[in-house]
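Have a look at the structure below, then the notes.
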Amino acid sequence: MALSTAGPRIRITVLGPEPLPLLYSHGPGWQIVTGLANTSGLTTDECGLWAQLGTSR
């Protein structure tokens, strides 16, 4: 897990060793994260998730 900041924004990135099945990126936990985040998605290698929180996008 990594946290990075830029001004009022915080980005949380969580990585794993294997690609994440699409089903796991849209379950109840993911719905909570996306409800709190301004933007979110899968990492480019599809082995992790990221969410950006803050007042700017």
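Each chain of the structure tokens is named A, B, ... in the order shown, its residues numbered from 1; ligands are numbered from 1 in display order.
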Near A:Thr13, counting only C-alpha atoms, which residues have an atom at most 12 Å away, once you skip same-chain residues fewer than 4 positions from it, shown as a CSV table (one decimal) with C-alpha atoms, in the first residue's frame?
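Output (selection_21.csv):
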chain,number,residue,atom,x,y,z
A,1,MET,CA,0.0,0.0,0.0
A,2,ALA,CA,1.3,3.4,-0.9
A,3,LEU,CA,0.1,6.9,0.0
A,4,SER,CA,1.0,9.9,-2.1
A,5,THR,CA,0.0,13.6,-1.8
A,33,VAL,CA,-13.9,3.1,-1.5
A,40,SER,CA,-10.6,5.5,-8.7
A,41,GLY,CA,-9.5,2.6,-10.9
A,42,LEU,CA,-7.2,-0.3,-11.6
A,43,THR,CA,-3.5,0.1,-12.0
A,44,THR,CA,-2.2,-0.2,-15.6
A,46,GLU,CA,-4.2,-4.7,-13.4
A,47,CYS,CA,-2.5,-6.0,-10.2
A,48,GLY,CA,-3.7,-3.2,-8.0
A,49,LEU,CA,-6.3,-0.6,-7.2
A,50,TRP,CA,-6.0,3.1,-6.6
A,51,ALA,CA,-8.3,5.8,-5.2
A,52,GLN,CA,-7.8,9.6,-5.1
A,53,LEU,CA,-9.4,11.6,-2.3
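These are the residues of chain A assigned helix (DSSP H, G or I) by DSSP from backbone coordinates: Leu22, Leu23, Tyr24, Ser25, His26, Pro28, Gly29, Trp30, Gln31, Ile32, Val33, Thr34, Gly35 and Leu36 of chain A.
Take atom CA of A:Leu20 and atom CA of A:Gly35: the distance between them is 20.0 Å.
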Self-check item: Atom-to-atom span, atom CA of A:Ile12 and atom CA of A:Gly29, Å
Solution: 14.4 Å
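Interatomic distance, atom CA of A:Pro17 against atom CA of A:Trp30: 18.7 Å.
With distances taken over only C-alpha atoms, A:Gly54 is the one residue among A:Gly16, A:Pro21, A:Ala6, A:Gly54 lying closest to A:Ala37.
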